[in-house]
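A short worksheet on the structure shown next.
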Amino acid sequence: MIGTRGVPAAYGGFETAVEEIGRRLVDRGHDVTVYCRRTAQPVPKEYLGMKLVELPALRHKILETLSHTGLSVLHATLHRPADVAFVFNAANAPFVPWLRLRGIPSVVHVDGLEWKRDKWGGAGRRYYRWAEEVSVREADALIADAQGIVDYYRDEFSIPTELISYGTRILQDTPTNRLSALGLRPGGYHLVVARFEPENHVDVIVEGYRASGARLPLVVVGSAPYAADHITRISDLAASDSRIRMLGSVWDQDQLDQLYTHASTYLHGHSVGGTNPSLLRAMGAGTKVIAWDVVFNREVLGADGAYFSRPESLSALLEDAEQSPERVAEVAAALQRRAEELYNWDNVTASYEQLARRVAVGYSTHRQSSGRAGESTWSLPDSMNQQPSTAPSRGITL
């Protein structure tokens, strides 16, 4: 598993996915290696059964990911070849030919439409757009975590993409002891957790909250390593309202669980990228969500979501939530049921395992036959698709 910051997961959605999927693949009898970026804290050789390889990266907005992925691919090609490589983020696709030259079939998780992010200038956007084309041309299979991304690759490149979303944990009976340390009480605050990047609209959320008559405080968790101007804008907006609590980054996962679980509402401003893990985490925690009005968020939340696209609409939704606590509780419970039904890590892992088996024995989007445009009709050989119940399947090396 290549292209993320690695595990133990402490940063974002890809890292959480690698940890949750990787540990379950190990439990299913597979040999999993995860490439991790070097940090101040040493990385163990093994974690939850996964083998970890720690390599350095250049500390640069664009080159950090690419430099680490390049070294990871080089390491992977010089050691015992894997049956399959999962490469996360389409930006890393230019390294896929190295893997395939070594005979390692490769699957690219394309993530969202990165070239649409406001943080990238012209050169960055052109690179990400080009990298999408490389993903399509070089990878044996593509993974997308939202139907909107699948539709995009079908319409833009006429290529099938595996729809495999993220999972989330269902939190029950979450304690409250870490809230009191922050001066918060259960149900007594609104929450936003996000990197401070323009397309996540934290500034719009703060503006909408400031304009509202909300009585409960707004708790803001997050920062960004390469967005000083945007961070300053958000900080300046928040400074003039004593109801707003800026916590910065919170890496303590138990404390984050408590923050998600006991919020009155979770405010989600993400607008680019498919299924967002922070959104799923709020649903799994049983919290009402008010989200940016975009197709990806509507796909995840369904009819129980509340949506905004400007500060004024958010203000009204916040005031309505505080006036109708019973309705907030009903919606929160419905969203948690939806998360439990649709976003299950065991099911996600089964989909990754099935795809890995297909790719390991020769499946590729470049060798498939199709009944209709963009629809794969390839299937596993009977010997791998119909395992005797008394004999375990051969383990795969990733």
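A note on labels: chains of the structure tokens are A, B, ... as shown, every chain counts residues from 1, and ligands are counted from 1 in their shown order.
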Write out as a list in words all residues of region 262-395 of chain A that backbone DSSP assigns to strand (DSSP E).
Thr265, Tyr266, Leu267, His268, Lys288, Val289, Ile290, Ala291, Trp292, Ala306, Tyr307 and Phe308 of chain A
Pull the closest atom pair for each residue of region 56-145 of chain A that gets at most 9 Å from region 165-178 of chain A, along with the distance in Å to one decimal, counting only C-alpha atoms, ordering rows by chain and then ascending residue number, as a Markdown table.
| residue | atom | partner | partner_atom | distance |
| --- | --- | --- | --- | --- |
| A:Ile143 | CA | A:Ser165 | CA | 8.8 |
| A:Ala144 | CA | A:Ser165 | CA | 7.2 |
| A:Asp145 | CA | A:Ser165 | CA | 4.0 |
Let me see the file: selected residues, C-alpha atoms, as an mmCIF file, in the first residue's frame.
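The result, stored in part.cif:
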data_model
loop_
_atom_site.group_PDB
_atom_site.id
_atom_site.type_symbol
_atom_site.label_atom_id
_atom_site.label_comp_id
_atom_site.auth_asym_id
_atom_site.auth_seq_id
_atom_site.Cartn_x
_atom_site.Cartn_y
_atom_site.Cartn_z
ATOM 1 C CA ILE A 143 -10.946 2.685 -7.363
ATOM 2 C CA ALA A 144 -13.280 5.594 -6.637
ATOM 3 C CA ASP A 145 -15.054 6.145 -3.329
#
Can you pull out the residues contacting Gly183 (chain A)? Cut-off 12 Å, using only C-alpha atoms, and skip same-chain residues under 2 positions away; I want them as a PDB file with C-alpha atoms, in the first residue's frame.
ATOM      1  CA  THR A 176     -17.265  12.438  28.107  1.00  0.00           C
ATOM      2  CA  ASN A 177     -14.195  12.856  30.326  1.00  0.00           C
ATOM      3  CA  ARG A 178     -12.070  14.431  27.567  1.00  0.00           C
ATOM      4  CA  LEU A 179     -14.704  17.117  26.921  1.00  0.00           C
ATOM      5  CA  SER A 180     -14.554  18.587  30.397  1.00  0.00           C
ATOM      6  CA  ALA A 181     -10.842  19.230  29.910  1.00  0.00           C
ATOM      7  CA  ARG A 185     -20.485  19.672  27.811  1.00  0.00           C
ATOM      8  CA  PRO A 186     -22.292  16.932  25.838  1.00  0.00           C
ATOM      9  CA  GLY A 188     -23.485  21.854  24.123  1.00  0.00           C
ATOM     10  CA  TYR A 189     -21.557  22.882  20.994  1.00  0.00           C
ATOM     11  CA  PRO A 217     -20.373  27.681  20.904  1.00  0.00           C
ATOM     12  CA  VAL A 219     -15.695  24.397  18.134  1.00  0.00           C
ATOM     13  CA  ARG A 245     -13.380  28.100  20.047  1.00  0.00           C
ATOM     14  CA  LEU A 247      -8.689  24.180  19.017  1.00  0.00           C
ATOM     15  CA  LEU A 259     -15.927  15.653  20.201  1.00  0.00           C
TER      16      LEU A 259
END
Measuring atom to atom with only C-alpha atoms, identify which of A:Asn297, A:Ser278, A:Ser67, A:Gln253 is nearest to Val192 (chain A).
A:Ser278
Show which residues sit within 6 Å of region 50-53 of chain A, as number ranges by chain. Count only C-alpha atoms, and ignore same-chain residues fewer than 4 positions away.
A: 32-36, 45-46
Generate the output file for the selected residues, N, CA and C atoms, as a PDB file, in the first residue's frame.
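Result file selection_15.pdb:
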ATOM      1  N   VAL A  32       0.670  -7.982   4.054  1.00  0.00           N
ATOM      2  CA  VAL A  32       0.449  -6.574   3.710  1.00  0.00           C
ATOM      3  C   VAL A  32       1.643  -5.722   4.141  1.00  0.00           C
ATOM      4  N   THR A  33       2.174  -4.935   3.207  1.00  0.00           N
ATOM      5  CA  THR A  33       3.230  -3.976   3.496  1.00  0.00           C
ATOM      6  C   THR A  33       2.697  -2.574   3.258  1.00  0.00           C
ATOM      7  N   VAL A  34       2.936  -1.682   4.215  1.00  0.00           N
ATOM      8  CA  VAL A  34       2.504  -0.288   4.111  1.00  0.00           C
ATOM      9  C   VAL A  34       3.729   0.609   4.132  1.00  0.00           C
ATOM     10  N   TYR A  35       3.840   1.511   3.163  1.00  0.00           N
ATOM     11  CA  TYR A  35       4.935   2.480   3.117  1.00  0.00           C
ATOM     12  C   TYR A  35       4.539   3.731   3.890  1.00  0.00           C
ATOM     13  N   CYS A  36       5.416   4.161   4.811  1.00  0.00           N
ATOM     14  CA  CYS A  36       5.125   5.251   5.740  1.00  0.00           C
ATOM     15  C   CYS A  36       6.161   6.368   5.586  1.00  0.00           C
ATOM     16  N   LYS A  45       8.369  -1.567  13.034  1.00  0.00           N
ATOM     17  CA  LYS A  45       8.545  -2.467  11.894  1.00  0.00           C
ATOM     18  C   LYS A  45       7.246  -3.170  11.515  1.00  0.00           C
ATOM     19  N   GLU A  46       6.355  -3.280  12.500  1.00  0.00           N
ATOM     20  CA  GLU A  46       5.093  -3.963  12.252  1.00  0.00           C
ATOM     21  C   GLU A  46       3.999  -3.304  13.076  1.00  0.00           C
TER      22      GLU A  46
END
Selected residue, from A:Ala57, A:Ala91, A:Val73, A:Ile396, that lies nearest to Tyr352 (chain A) when counting only C-alpha atoms:
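Nearest candidate to Tyr352 (chain A) out of A:Ala57, A:Ala91, A:Val73, A:Ile396: A:Ile396.
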Could you state the separation of CA of Arg5 (chain A) and CA of Asp31 (chain A) in Å, given to one decimal place?
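Distance between the two atoms: 19.5 Å.
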For Glu19 (chain A), please output as a JSON list (two decimals) with C-alpha atoms, in the first residue's frame all residues within 8 Å (counting only C-alpha atoms; exclusion window: fewer than 5 positions along the same chain).
[["chain", "number", "residue", "atom", "x", "y", "z"],
["A", 7, "VAL", "CA", 0.05, 3.99, 9.76],
["A", 8, "PRO", "CA", -0.72, 4.23, 12.63],
["A", 9, "ALA", "CA", -3.39, 6.50, 11.16]]
May I have all residues of region 187-364 of chain A that DSSP, computed from the backbone, assigns to alpha helix (DSSP H), given as a ChimeraX atom specification?
/A:202-210,228-239,253-261,277-284,295-301,311-323,325-342,345-360
Near Lys288 (chain A), counting only C-alpha atoms, which residues have an atom at most 6 Å away, once you skip same-chain residues fewer than 6 positions from it, shown as an mmCIF file with N, CA and C atoms, in the first residue's frame?
data_model
loop_
_atom_site.group_PDB
_atom_site.id
_atom_site.type_symbol
_atom_site.label_atom_id
_atom_site.label_comp_id
_atom_site.auth_asym_id
_atom_site.auth_seq_id
_atom_site.Cartn_x
_atom_site.Cartn_y
_atom_site.Cartn_z
ATOM 1 N N THR A 265 -24.360 19.461 16.522
ATOM 2 C CA THR A 265 -24.320 19.262 15.075
ATOM 3 C C THR A 265 -22.868 19.224 14.621
ATOM 4 N N VAL A 331 -32.678 12.774 13.631
ATOM 5 C CA VAL A 331 -31.848 12.773 12.433
ATOM 6 C C VAL A 331 -30.505 12.114 12.725
ATOM 7 N N ALA A 332 -29.919 12.417 13.882
ATOM 8 C CA ALA A 332 -28.630 11.832 14.254
ATOM 9 C C ALA A 332 -28.722 10.308 14.301
#
Excluding Ser212 (chain A) and its own-chain neighbours fewer than 6 positions away, which residues fall within 12 Å of it when counting only C-alpha atoms? Please give them as a ChimeraX atom specification.
/A:205-206,218,241,243,311-322
Just give me the gap between CA of Gly208 (chain A) and CA of Val289 (chain A) in Å, one decimal is fine.
15.3 Å
What does the distance from CA of Tyr209 (chain A) to CA of Val300 (chain A) come to in Å, to one decimal?
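Separating CA of Tyr209 (chain A) from CA of Val300 (chain A) is a distance of 23.8 Å.
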With distances taken over only C-alpha atoms, which residue among A:Thr77, A:Ser240, A:Thr16, A:Thr287 lies nearest Asp304 (chain A)?
A:Thr287
When distances are computed from only C-alpha atoms, which of A:Glu197, A:Glu330, A:Asp252, A:Asp236 shows the smallest separation from His270 (chain A)?
A:Glu197
